[in-house]
Each structure stands twice: as structure tokens, then as C-alpha cells.
Amino acid sequence: MERHLSDKVKKFVTETVGKENCLFDEPMSEHTTFKIGGNAACFCKPRTKAQILALIRFFYENDVEYFIMGNGSNLLVSDNGFDGVVVQLLDDYSDTTVTEEGDVVRVTAQAGARMWKLGMSIAEAGACGFEFGTGIPGTIGGAVMMNAGAYGGEIKDVTESVTVCDRQGNEKILKGGELGFGYRTSAVSRDGLYVLEVVLKLQKGDKEKIKARIDELTEKRKSKQPLDVPSAGSTFKRPEGYYAAKLIEDAGLKGLQIGGAKVSEKHSGFVINTGNATAADVIALTDKIKEEVYKYNGVKLELEVRKLGF
């Protein structure tokens with residue numbers, strides 16, 4: 001089904017980001033790690049903060065539906081697609097700078113910087129504290145928004161300040177308690193803000209030990225997670241006092257499949273796309289998982305994956 005945007009919106013977006021960075025009626029399955037999703041009316045990739053702010057202000061003033069995404073590694077897009085504009089902050093908006101002051105290393109990164117690339121730059125600078133984040137598949141912007149974490153570390157542990165903008169395109173800097181970090185949440189997500197830039201504060205460390213720790217965590221991920229098949233990472237948030245994967249496994253749901261969506265046999269916390277899954281398959285499967293886990297031990301699971309177009 002072809003999507004339609006007004007000529008005014010098409011013209012503004014194209015002129016703002018450049019024709020070469022703007023796609024219309026674009027399959028979102030091409031832009032998510034789940035490899036699922038219908039078409040977006042428009043898909044664009046701004047390269048500067050000024051372009052991002054101009055888009056957001058225009059969308060606000062003209063009541064245009066839009067969605068800002070990073071790597072699409074935590075996103076499920078509806079089979080019906082999305083009638084608005086998808087703005088992707090990724091490689092075109094990913095500049096990173098590293099500065100040192102004694103034992104303190106500050107890393108300033110634009111929102112689209114990929115976590116693994118950022119992690120390797122930090123390791124190369126001999127700074128420690130970010131090893132946990134190097135294997136997280138998304139961007140630093142998405143990681144801050146959801147306070148991403150792994151192997152005992154969280155983004156809140158290393159974030160000094162975040163430049164954000166609101167839905168009207170007003171820019172501001174959040175620091176310390178203003179960031180409101182919690183488990184898989186932050187003031188950014190709760191207040192409907194968008195990450196533009198992040199400043200990380202780290203300590204100098206032993207470069208070889210840092211790289212060895214990254215290698216160790218990489219091997220752990222490879223051995224325990226289904227990284228060779230499309231998914232959106234951990235499907236459910238960890239309920240307090242429990243692990244989602246164990247709850248799913250205990251309820252006898254490992255390997256459960258609906259259509260092309262399946263509970264991974266390697267890690268029950270992952271719903272995977274076996275090759276032809278639809279968003280409807282994923283929703284049917286995750287609803288079934290929630291129902292069965294609640295029936296089995298009374299724990300309510302909550303999706304960690306974000307949804308678009310539903």
C-alpha cells in the first residue's frame with residue numbers, strides 16, 4: 001500500500017536533508033534488526049543538529065506524524081507500516097571526540113554513534129568503564145533513552161550530560177539527577193525528549209585489560225545469544241526479582257513458534273524471526289508468552305521492544 005504525504009511535507013524534508021538522504025514509501029524491514037515491517041511514507045537521514053531541529057520544529061508546527069530512530073535494534077514496525085516520517089540518526093550523525101584531563105577521559109558522541117564503534121574508540125583511548133556497552137547493538141542515543149545495560153553495567157554509570165530537544169524543537173542540556181535514570185528508562189523517554197549528543201565521563205585504564213574484557217563479553221554474548229538470526233534483542237524487560245528468560249523457559253515456552261516468530265532455543269529471552277515472520281506473528285507470540293507466564297507463576301512480563309505503526 002503506497003503512502004501519501006503532502007507536497008509541502010515532501011518538499012520541506014527533501015530540501016532540509018537533501019534528496020540523496022530522503023526515501024519515500026520505504027520498507028522498514030530494511031532498517032530494523034528484526035527484518036520486519038511495512039513501508040514508511042518517508043524515511044530520512046539528517047546529518048547535522050540544525051537539520052534535526054528544523055525537522056522537529058516543522059513537524060510540530062504542521063502537525064506531521066514522525067518517529068526518530070537509531071539502528072532499529074529494539075524496534076518492531078507494524079505490517080501496515082507507518083504513515084508519517086521516520087528520521088534515522090545513525091552513521092550520518094555519529095561524530096565522536098575524545099578528550100583527556102589527567103585520569104579523566106570525556107567522550108562526546110552524536111546520538112547516532114553505534115555502541116560497538118564507540119566502545120572500540122573508547123578502548124583505543126585506554127578508557128575503562130564502557131566495556132559492557134560495546135556489544136549492545138544500538139546507538140548511544142537509544143542507549144541513553146532506555147538506560148541500556150549488560151553484564152553489571154548501565155549507561156547511567158558513565159553519562160555526565162546529555163543534549164536533548166523537546167517535541168517543539170527546543171534544545172537543552174540535562175545533567176546528573178535531571179537525567180532520571182531507572183531500569184530501562186530515563187527522563188528522556190518519560191518526557192518525550194530526543195537525544196542529540198551525549199558526554200560520557202570515564203577513567204584511564206589499562207588498554208590491554210580493557211580490550212581483553214571486551215573480548216570476554218563478546219564471547220559470552222556469542223555463546224549465549226542468537227546473534228546469527230534477526231531479532232530485536234531481549235524482548236521483555238526483566239521483572240523485579242526474576243529473569244524473563246527463566247520465566248519463559250520454566251513455563252515450557254522455549255522453542256514456541258507462531259508463524260515465522262519463535263522463542264529462541266538458544267536464549268528464551270529472545271523472540272527471533274525465522275525468516276518470514278510478520279509483526280502480527282511477533283505480537284501473537286509475545287501475547288501468548290505473557291499470558292502463559294502469568295498463568296504459570298503470576299508474573300506480568302512487559303515488552304522491552306518499542307512498537308511503531310500499531
# chains A, B, ... in the order shown; residues from 1 in each chain; ligands from 1
$ residues_around --residues "Lys300 in chain A" --least-positions-apart "3" --cutoff "8 Å" --atoms "only C-alpha atoms" --output "JSON, numbers by chain"
{"A": [239, 290, 293, 294]}
$ closest_atom_pairs --of "range 212-264 of chain A" --to "range 115-125 of chain A" --cutoff "12 Å" --atoms "only C-alpha atoms" --output "JSON lines"
{"residue": "A:Ala212", "atom": "CA", "partner": "A:Ala123", "partner_atom": "CA", "distance": 10.0}
{"residue": "A:Arg213", "atom": "CA", "partner": "A:Ala123", "partner_atom": "CA", "distance": 10.1}
{"residue": "A:Ile214", "atom": "CA", "partner": "A:Ala123", "partner_atom": "CA", "distance": 8.7}
{"residue": "A:Asp215", "atom": "CA", "partner": "A:Met120", "partner_atom": "CA", "distance": 11.0}
{"residue": "A:Thr218", "atom": "CA", "partner": "A:Trp116", "partner_atom": "CA", "distance": 10.5}
$ write_last_selection --atoms "N, CA and C atoms" --output "CSV table (one decimal), in the first residue's frame"
chain,number,residue,atom,x,y,z
A,212,ALA,N,40.7,-7.0,26.6
A,212,ALA,CA,40.5,-8.4,27.0
A,212,ALA,C,39.1,-8.6,27.5
A,213,ARG,N,38.7,-7.6,28.3
A,213,ARG,CA,37.3,-7.6,28.9
A,213,ARG,C,36.2,-7.6,27.8
A,214,ILE,N,36.5,-6.7,26.8
A,214,ILE,CA,35.5,-6.6,25.7
A,214,ILE,C,35.5,-8.0,24.9
A,215,ASP,N,36.6,-8.6,24.7
A,215,ASP,CA,36.7,-9.9,24.0
A,215,ASP,C,35.9,-10.9,24.8
A,218,THR,N,32.2,-10.3,24.5
A,218,THR,CA,31.8,-10.7,23.2
A,218,THR,C,31.6,-12.2,23.0
$ residues_around --residues "Tyr296 in chain A" --least-positions-apart "2" --cutoff "10 Å" --atoms "only C-alpha atoms" --output "list in words"
Leu247, Ile248, Asp250, Ala251, Gly252, Lys290, Glu291, Glu292, Val293, Tyr294, Gly298 and Val299 of chain A
$ write_last_selection --atoms "C-alpha atoms" --output "mmCIF file, in the first residue's frame"
data_model
loop_
_atom_site.group_PDB
_atom_site.id
_atom_site.type_symbol
_atom_site.label_atom_id
_atom_site.label_comp_id
_atom_site.auth_asym_id
_atom_site.auth_seq_id
_atom_site.Cartn_x
_atom_site.Cartn_y
_atom_site.Cartn_z
ATOM 1 C CA LEU A 247 10.302 -17.396 33.493
ATOM 2 C CA ILE A 248 9.647 -18.188 29.823
ATOM 3 C CA ASP A 250 10.016 -22.534 33.248
ATOM 4 C CA ALA A 251 6.612 -22.061 31.621
ATOM 5 C CA GLY A 252 7.689 -24.542 28.933
ATOM 6 C CA LYS A 290 2.793 -13.007 28.610
ATOM 7 C CA GLU A 291 -0.410 -14.994 29.091
ATOM 8 C CA GLU A 292 1.334 -18.310 29.790
ATOM 9 C CA VAL A 293 3.993 -16.862 32.120
ATOM 10 C CA TYR A 294 1.310 -15.070 34.144
ATOM 11 C CA GLY A 298 1.692 -14.808 38.327
ATOM 12 C CA VAL A 299 4.454 -12.565 36.954
#
$ closest_residue --among "A:Thr286, A:Thr134, A:Asn39, A:Ser264" --to "Ile210 in chain A" --atoms "only C-alpha atoms"
A:Thr134
$ closest_atom_pairs --of "range 124-165 of chain A" --to "range 77-98 of chain A" --cutoff "12 Å" --atoms "only C-alpha atoms" --output "CSV"
residue,atom,partner,partner_atom,distance
A:Glu124,CA,A:Val98,CA,10.3
A:Ala125,CA,A:Val98,CA,7.6
A:Gly126,CA,A:Val98,CA,10.7
A:Ala127,CA,A:Val98,CA,9.8
A:Gly138,CA,A:Leu90,CA,9.4
A:Thr139,CA,A:Leu90,CA,7.3
A:Ile140,CA,A:Ser94,CA,9.2
A:Gly141,CA,A:Leu89,CA,8.4
A:Gly142,CA,A:Leu89,CA,9.7
$ write_last_selection --atoms "N, CA and C atoms" --output "tab-separated table (two decimals), in the first residue's frame"
chain	number	residue	atom	x	y	z
A	124	GLU	N	40.45	2.14	22.54
A	124	GLU	CA	41.67	2.59	21.89
A	124	GLU	C	42.28	3.77	22.66
A	125	ALA	N	41.40	4.57	23.28
A	125	ALA	CA	41.87	5.72	24.08
A	125	ALA	C	42.34	5.29	25.47
A	126	GLY	N	42.19	3.99	25.77
A	126	GLY	CA	42.63	3.48	27.07
A	126	GLY	C	41.74	3.90	28.21
A	127	ALA	N	40.45	4.09	27.93
A	127	ALA	CA	39.50	4.48	28.98
A	127	ALA	C	38.64	3.27	29.36
A	138	GLY	N	22.64	-1.20	19.56
A	138	GLY	CA	22.03	0.06	19.14
A	138	GLY	C	23.00	1.23	19.08
A	139	THR	N	22.44	2.44	19.21
A	139	THR	CA	23.22	3.68	19.19
A	139	THR	C	23.28	4.26	20.61
A	140	ILE	N	24.17	5.22	20.80
A	140	ILE	CA	24.29	5.84	22.11
A	140	ILE	C	23.01	6.62	22.45
A	141	GLY	N	22.35	7.18	21.45
A	141	GLY	CA	21.10	7.90	21.72
A	141	GLY	C	20.03	6.99	22.27
A	142	GLY	N	19.86	5.84	21.62
A	142	GLY	CA	18.88	4.86	22.09
A	142	GLY	C	19.27	4.28	23.44
$ closest_residue --among "A:Lys49, A:Leu285, A:Gly192, A:Met146" --to "Phe67 in chain A" --atoms "only C-alpha atoms"
A:Gly192
$ residues_around --residues "Arg167 in chain A" --least-positions-apart "2" --cutoff "7 Å" --atoms "only C-alpha atoms" --output "count of residues only"
5
$ atom_distance --atom1 "CA of Val198 in chain A" --atom2 "CA of Leu179 in chain A"
11.5 Å
$ closest_residue --among "A:Leu76, A:Asn62, A:Gly255, A:Gly182" --to "Gly309 in chain A" --atoms "only C-alpha atoms"
A:Leu76
$ closest_residue --among "A:Cys44, A:Ile283, A:Gly135, A:Tyr66" --to "Glu219 in chain A" --atoms "only C-alpha atoms"
A:Gly135
$ atom_distance --atom1 "CA of Lys204 in chain A" --atom2 "CA of Arg106 in chain A"
10.1 Å
$ closest_residue --among "A:Ala232, A:Pro137, A:Glu304, A:Gly205" --to "Val105 in chain A" --atoms "only C-alpha atoms"
A:Gly205
$ select_by_dssp --residues "range 54-219 of chain A" --states "helix (DSSP H, G or I)" --output "count of residues only"
54
